[in-house]
Every structure is written in C-alpha cells, then in structure tokens.
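Report on one structure; see the data block that follows.
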Amino acid sequence: MSWKILLFGAINLTCTGFLLMWCSSTNSIALTAYTYLTIFDLFSLMTCLISYWVMMRKPSPVYSFGFERLEVLAVFASTVLAQLGALFILKESAERFLEQPEIHTGRLLVGTFVALSFNLFTMLSIRNKPFAYVSEAASTSWLQEHVADLSRSLCGIIPGLSSIFLPRMNPFVLIDLAGAFALCITYMLIEINNYFAVDTASAIAIALMTFGTMYPMSVYSGKVLLQTTPPHVIGQLDKLIREVSTLDGVLEVRNEHFWTLGFGSLAGSVHVRIRRDANEQMVLAHVTNRLYTLVSTLTVQIFKDDWIRPALLSGPVAANVLNFSDHHIIPMPPSKGADDSNPVTSTPAKPTSPPPEFSFNTPGKNINPVILLNTQTRPYGLGLNHGHTPYSSMLNQGLGVPGIGATQGFRTGFTNVPSRYGTNNRIGQPRP
C-alpha cells in the first residue's frame with residue numbers, strides 16, 4: 001500500500017510541474033486555481049501515508065492514546081492550506097480586474113483535461129480513509145446542497161441516476177468536475193469573443209468552490225483537535241450513562257467526559273461511586289461493557305461510598321462510666337401493652353391505618369431512661385434545697401397535676417408562695 005501511495009505521489013509532482021509551466025505560458029489564473037487542486041491531492045496522498053503509518057504503530061507509555069490524532073492534524077493542515085491557496089487566488093483575481101492581461105488558449109484545454117484525469121484517477125484508485133470519513137461526517141457545503149437540489153429534479157426524470165448523485169456527491173469529485181466545467185466555458189468564450197475577463201471570473205468561481213468545500217472539513221477536524229464531543233453521539237452517551245447509573249451497586253456516575261480521539265474513535269473517562277458492599281470488579285465489568293459500544297478508549301475509576309453511618313448503641317449504662325451525682329435521671333413511665341394502648345391524638349386512628357404521628361403507641365415507647373447532664377447553676381446561700389427531686393416526690397407534692405398545691409415553688413424555689421391553682425395557706429380566702 002505504501003509503495004502505491006509513493007508512486008502516485010511521484011506522478012502528482014510530475015503533473016503539477018507541467019501544469020505550473022502551462023499556467024505560466026497561458027497566463028491563465030483560472031488554470032492556476034485548478035492546479036491548486038492537484039497540489040491538494042498531493043497533501044491528500046501524504047495524509048493517506050500518515051494514516052497507513054498510524055495503523056502500524058501501537059500505543060506507547062509516552063503516547064498512551066496512540067497516534068490517531070496525527071491523521072486529524074494532517075487533514076486539518078491540508079484543508080487550511082487549500083483555503084489559503086483559494087484566498088491567494090481571490091487576491092490575484094481582484095488585481096486582474098483592474099488590468100486584465102491577454103490569455104493564450106494553446107495549453108488551456110490540455111492542462112484542464114490532464115489535471116481532471118489525474119485527480120479523478122487518484123481519488124478512485126487510492127482509498128483515503130481520513131478524508132473519506134471527514135467528507136461524510138462534516139456538514140455539506142453550499143456546492144453540494146445546490147447540486148443535490150438539481151440531482152433530485154434530474155433523478156425524478158431518470159431514476160437510475162439516484163445511486164450516483166444522491167444523497168450527496170463526493171465533494172472532491174464534485175469540485176474537480178465543476179472546476180473543469182468552468183475552464184471549458186472559459187476556453188470557449190475566449191476563443192469565440194476574446195473575452196479575457198471570463199478567465200478571472202472562472203478563477204474566482206473555482207476559488208470560492210474550493211473554500212466552500214474545504215471549510216466544513218476544517219471545522220470538523222478542528223473540533224476533533226479541540227477534544228469536543230460529537231453532537232450526533234451526545235444523545236446515545238446520555239442514554240448509556242442513565243443505564244450505567246441503574247446498575248446494581250452503582251450509587252452515582254459523575255465527572256464523565258467524552259471526546260473524539262480520532263476519526264471514528266471516542267475516548268472517555270468516568271467516575272463511578274458504588275456501595276460499600278458492592279463488588280468492584282463486577283461493577284467495572286458491567287460499566288465497561290455498556291460504554292464500550294461507543295467509547296473505544298475508556299477509563300473508569302471505581303470508588304466505594306465513604307459515608308460512614310454512626311453506630312446507634314442502646315442498653316443499660318455502666319455504673320462506672322457516668323457520675324450520677326452530676327446527672328438527672330428521668331425515668332420513663334411504664335408503657336402498656338400494644339393491645340391495651342389507647343393512642344392520644346387529635347386524628348382518630350383506624351384499625352387498618354398506620355399509627356398516627358403523635359400517638360404514644362409508637363416504636364419509641366420502649367426506650368431506655370434518658371440521662372441528661374446537670375448543667376444548671378443554682379445560687380447558694382438563699383436557703384434553697386439543692387440536688388434533684390425524685391419524680392415520685394414531685395407527684396406527691398402536686399407539681400405534676402394541676403389543681404394541687406405545692407409546698408415548694410417550682411420556678412422561684414421559695415416556700416409558701418401562693419399559686420394561682422391548688423391549695424395553700426390561703427384556702428378559703430377571697431382571691432385578690
């Protein structure tokens with residue numbers, strides 16, 4: 001394969017040399033613009049040779065993703081150079097409109113057919129994988145769109161031509177045919193009427209067609225070099241990410257990044273958070289199997305959930321752990337059985353409904369006594385009682401039941417303080 005590419009490269013250099021000499025002898029800038037397409041074919045052959053070399057190379061520790069991006073860089077450079085050549089033709093054509101030179105048609109038609117024959121023979125003989133992929137993946141040029149409209153009308157009359165012209169023609173074949181057609185018209189008009197300005201007009205037309213054909217390919221290859229995600233696979237990638245997030249043991253899929261490594265190959269990296277009891281190798285195999293249908297070079301980082309649930313301990317507290325003199329112990333009242341309980345709630349409970357929110361018959365009824373730290377500071381020297389008051393003594397003194405007097409104030413600590421409710425020393429006296 002490589003020797004064939006080198007052979008066509010040598011023939012291309014020979015043809016380009018002859019065409020440049022004929023451009024100088026005919027003084028035709030239109031033929032010069034068409035010769036630039038032959039030079040572009042030389043760049044195309046070099047890109048094909050680079051592609052063949054890339055296929056033989058394997059990834060190395062230095063270039064872990066391989067050398068596929070060399071193909072993209074070669075396509076981008078070739079298309080940009082072709083556009084620069086078209087801009088140069090436009091600049092020369094603008095100068096010729098001010099002073100139009102005489103055009104000699106002796107070698108004009110011969111050079112046109114030589115360039116057309118070699119360009120078509122090169123494209124049909126050598127399978128250029130990078131440019132074939134870019135011409136199909138890139139957006140259509142304005143020349144292709146106009147030819148497609150004419151082809152639909154023509155195929156309506158002759159249906160057999162639909163396999164050639166539809167859905168869209170090869171852009172390189174199309175520009176070669178369009179450029180040769182413009183040169184033929186130039187030759188006829190100059191021979192008939194000596195209308196030399198048509199040569200400049202044909203050069204501008206060929207330059208515009210060249211620029212319009214190469215620009216979409218430059219944009220596509222430039223986006224690949226910028227490591228962007230192709231728009232036509234974003235929907236498929238989102239679907240695969242959703243499928244991965246529903247796998248057994250997967251908690252979260254984040255930091256996903258996918259980009260085009262080369263023509264037709266995607267690379268990506270993703271972080272997957274899994275449960276603590278999940279099998280890492282099993283999850284890795286499932287994730288890779290799902291994403292490998294689109295992403296050929298994939299890096300998956302698996303990490304387990306680092307959130308640790310605090311342990312809830314219940315049971316009796318050891319006597320040597322806490323100093324009970326510094327704590328209040330609030331004993332919980334004994335609960336009734338589940339069968340004898342009568343929930344106190346504003347919403348009546350149904351036999352088939354779950355227990356209400358404020359019902360005492362809840363799973364928390366059998367909890368152990370709650371130990372609260374005694375951080376309350378009381379003033380000394382006022383004749384107040386210190387320490388904790390047992391729950392039973394509180395009930396006996398009437399602090400827990402409204403309407404029963406108290407011998408010790410609940411809020412002030414003073415004794416014999418009259419209260420609004422209950423009985424005390426002012427029993428039977430009128431209320432102030």
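Chain labels A, B, ... are given in the sequence in which chains occur in the structure tokens; within each chain residues are numbered consecutively from 1, and ligands are likewise numbered from 1 in the order shown.
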
If we count only C-alpha atoms and set the cut-off at 8 Å, which residues sit around Thr105 (chain A), ignoring sequence neighbours fewer than 4 positions away in its own chain? Please answer as a PDB file with N, CA, C and O atoms, in the first residue's frame.
ATOM      1  N   THR A  26       0.193  30.159 -20.584  1.00  0.00           N
ATOM      2  CA  THR A  26      -1.140  30.636 -20.975  1.00  0.00           C
ATOM      3  C   THR A  26      -1.533  31.918 -20.248  1.00  0.00           C
ATOM      4  O   THR A  26      -2.479  32.597 -20.671  1.00  0.00           O
ATOM      5  N   LEU A 109      -6.892  24.095 -22.578  1.00  0.00           N
ATOM      6  CA  LEU A 109      -7.779  22.933 -22.561  1.00  0.00           C
ATOM      7  C   LEU A 109      -7.014  21.648 -22.264  1.00  0.00           C
ATOM      8  O   LEU A 109      -7.536  20.750 -21.589  1.00  0.00           O
ATOM      9  N   TYR A 187     -12.536  28.624 -21.969  1.00  0.00           N
ATOM     10  CA  TYR A 187     -11.860  28.371 -23.250  1.00  0.00           C
ATOM     11  C   TYR A 187     -12.764  28.748 -24.425  1.00  0.00           C
ATOM     12  O   TYR A 187     -12.310  29.401 -25.387  1.00  0.00           O
ATOM     13  N   ILE A 190     -13.271  32.663 -24.672  1.00  0.00           N
ATOM     14  CA  ILE A 190     -12.068  33.358 -25.150  1.00  0.00           C
ATOM     15  C   ILE A 190     -11.837  33.083 -26.624  1.00  0.00           C
ATOM     16  O   ILE A 190     -11.446  33.973 -27.405  1.00  0.00           O
ATOM     17  N   GLU A 191     -12.065  31.862 -27.069  1.00  0.00           N
ATOM     18  CA  GLU A 191     -11.877  31.524 -28.480  1.00  0.00           C
ATOM     19  C   GLU A 191     -12.896  32.223 -29.366  1.00  0.00           C
ATOM     20  O   GLU A 191     -12.593  32.597 -30.506  1.00  0.00           O
TER      21      GLU A 191
END

Quick one: residues within 9 Å of region 206-215 of chain A, only C-alpha atoms counted, chain neighbours fewer than 2 positions away excluded, as a ChimeraX atom specification?
-> /A:30,33-34,37,78-80,82-90,140-144,171-172,175,178-179,182,201-204,217-220

Excluding same-chain residues fewer than 6 positions from Ala77 (chain A), what lies within 10 Å of it counting only C-alpha atoms, as a ChimeraX atom specification?
-> /A:43,47,71,83,218,221-222

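We find CA of Asp199 (chain A) and CA of Ser28 (chain A) to be spaced 6.6 Å apart.
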
Just list the residues in region 87-322 of chain A DSSP gives alpha helix (DSSP H) on the backbone, as a ChimeraX atom specification.
-> /A:87-98,108-125,129-137,142-157,162-165,171-193,197-225,234-245,280-291

With region 51-65 of chain A as the partner and 12 Å as the cut-off, tabulate the residues of region 221-262 of chain A that qualify, each row holding the nearest pair of atoms and their distance in Å to one decimal, using only C-alpha atoms, sorted by chain and rising number, as JSON lines.
{"residue": "A:Thr260", "atom": "CA", "partner": "A:Phe65", "partner_atom": "CA", "distance": 11.3}
{"residue": "A:Leu261", "atom": "CA", "partner": "A:Phe65", "partner_atom": "CA", "distance": 7.8}
{"residue": "A:Gly262", "atom": "CA", "partner": "A:Phe65", "partner_atom": "CA", "distance": 9.7}

Show which residues sit within 10 Å of Val295 (chain A), as JSON, numbers by chain. Count only C-alpha atoms, and ignore same-chain residues fewer than 3 positions away.
-> {"A": [237, 258, 259, 260, 261, 264, 265, 266, 267, 268, 269, 288, 290, 291, 292, 298, 299]}

Prev. selection, N, CA and C atoms, output as a PDB file, in the first residue's frame:
ATOM      1  N   LEU A 237     -24.775   8.814  24.297  1.00  0.00           N
ATOM      2  CA  LEU A 237     -23.973   8.776  25.517  1.00  0.00           C
ATOM      3  C   LEU A 237     -24.824   9.035  26.758  1.00  0.00           C
ATOM      4  N   PHE A 258     -16.230  12.833  27.605  1.00  0.00           N
ATOM      5  CA  PHE A 258     -16.014  12.051  26.393  1.00  0.00           C
ATOM      6  C   PHE A 258     -15.583  13.003  25.281  1.00  0.00           C
ATOM      7  N   TRP A 259     -14.628  12.567  24.494  1.00  0.00           N
ATOM      8  CA  TRP A 259     -14.136  13.389  23.403  1.00  0.00           C
ATOM      9  C   TRP A 259     -13.718  12.477  22.246  1.00  0.00           C
ATOM     10  N   THR A 260     -13.538  13.095  21.081  1.00  0.00           N
ATOM     11  CA  THR A 260     -13.146  12.364  19.885  1.00  0.00           C
ATOM     12  C   THR A 260     -11.629  12.259  19.845  1.00  0.00           C
ATOM     13  N   LEU A 261     -11.154  11.037  19.891  1.00  0.00           N
ATOM     14  CA  LEU A 261      -9.710  10.821  19.858  1.00  0.00           C
ATOM     15  C   LEU A 261      -9.179  10.888  18.430  1.00  0.00           C
ATOM     16  N   GLY A 264     -13.650   8.483  14.003  1.00  0.00           N
ATOM     17  CA  GLY A 264     -14.408   7.267  14.277  1.00  0.00           C
ATOM     18  C   GLY A 264     -14.092   6.615  15.598  1.00  0.00           C
ATOM     19  N   SER A 265     -13.288   7.219  16.457  1.00  0.00           N
ATOM     20  CA  SER A 265     -12.943   6.618  17.749  1.00  0.00           C
ATOM     21  C   SER A 265     -13.141   7.653  18.851  1.00  0.00           C
ATOM     22  N   LEU A 266     -13.831   7.218  19.914  1.00  0.00           N
ATOM     23  CA  LEU A 266     -14.105   8.069  21.056  1.00  0.00           C
ATOM     24  C   LEU A 266     -13.272   7.621  22.250  1.00  0.00           C
ATOM     25  N   ALA A 267     -12.899   8.563  23.067  1.00  0.00           N
ATOM     26  CA  ALA A 267     -12.218   8.289  24.339  1.00  0.00           C
ATOM     27  C   ALA A 267     -13.018   8.953  25.439  1.00  0.00           C
ATOM     28  N   GLY A 268     -12.911   8.400  26.637  1.00  0.00           N
ATOM     29  CA  GLY A 268     -13.680   8.966  27.741  1.00  0.00           C
ATOM     30  C   GLY A 268     -13.179   8.493  29.084  1.00  0.00           C
ATOM     31  N   SER A 269     -13.591   9.221  30.107  1.00  0.00           N
ATOM     32  CA  SER A 269     -13.287   8.872  31.487  1.00  0.00           C
ATOM     33  C   SER A 269     -14.518   9.150  32.325  1.00  0.00           C
ATOM     34  N   THR A 288     -17.966  -1.093  31.845  1.00  0.00           N
ATOM     35  CA  THR A 288     -17.169  -1.138  30.617  1.00  0.00           C
ATOM     36  C   THR A 288     -17.945  -1.776  29.478  1.00  0.00           C
ATOM     37  N   ARG A 290     -21.144  -1.731  28.995  1.00  0.00           N
ATOM     38  CA  ARG A 290     -22.176  -0.823  28.483  1.00  0.00           C
ATOM     39  C   ARG A 290     -21.579   0.291  27.632  1.00  0.00           C
ATOM     40  N   LEU A 291     -20.498   0.898  28.080  1.00  0.00           N
ATOM     41  CA  LEU A 291     -19.944   2.065  27.394  1.00  0.00           C
ATOM     42  C   LEU A 291     -19.040   1.713  26.226  1.00  0.00           C
ATOM     43  N   TYR A 292     -18.575   0.465  26.165  1.00  0.00           N
ATOM     44  CA  TYR A 292     -17.621   0.112  25.107  1.00  0.00           C
ATOM     45  C   TYR A 292     -18.270   0.084  23.725  1.00  0.00           C
ATOM     46  N   LEU A 298     -11.580   3.785  27.123  1.00  0.00           N
ATOM     47  CA  LEU A 298     -12.363   4.178  28.293  1.00  0.00           C
ATOM     48  C   LEU A 298     -11.550   3.997  29.558  1.00  0.00           C
ATOM     49  N   THR A 299     -11.649   4.987  30.443  1.00  0.00           N
ATOM     50  CA  THR A 299     -11.026   4.940  31.766  1.00  0.00           C
ATOM     51  C   THR A 299     -12.123   5.084  32.813  1.00  0.00           C
TER      52      THR A 299
END

Nearest residue to Ser245 (chain A) from the set A:Pro231, A:Val272, A:Val224, A:Ala138 (distances using only C-alpha atoms) | A:Val272

Please identify which residues in region 187-333 of chain A DSSP calls strand (DSSP E) from the backbone, and express them as a ChimeraX atom specification.
-> /A:250-262,265-274,297-304,327-330
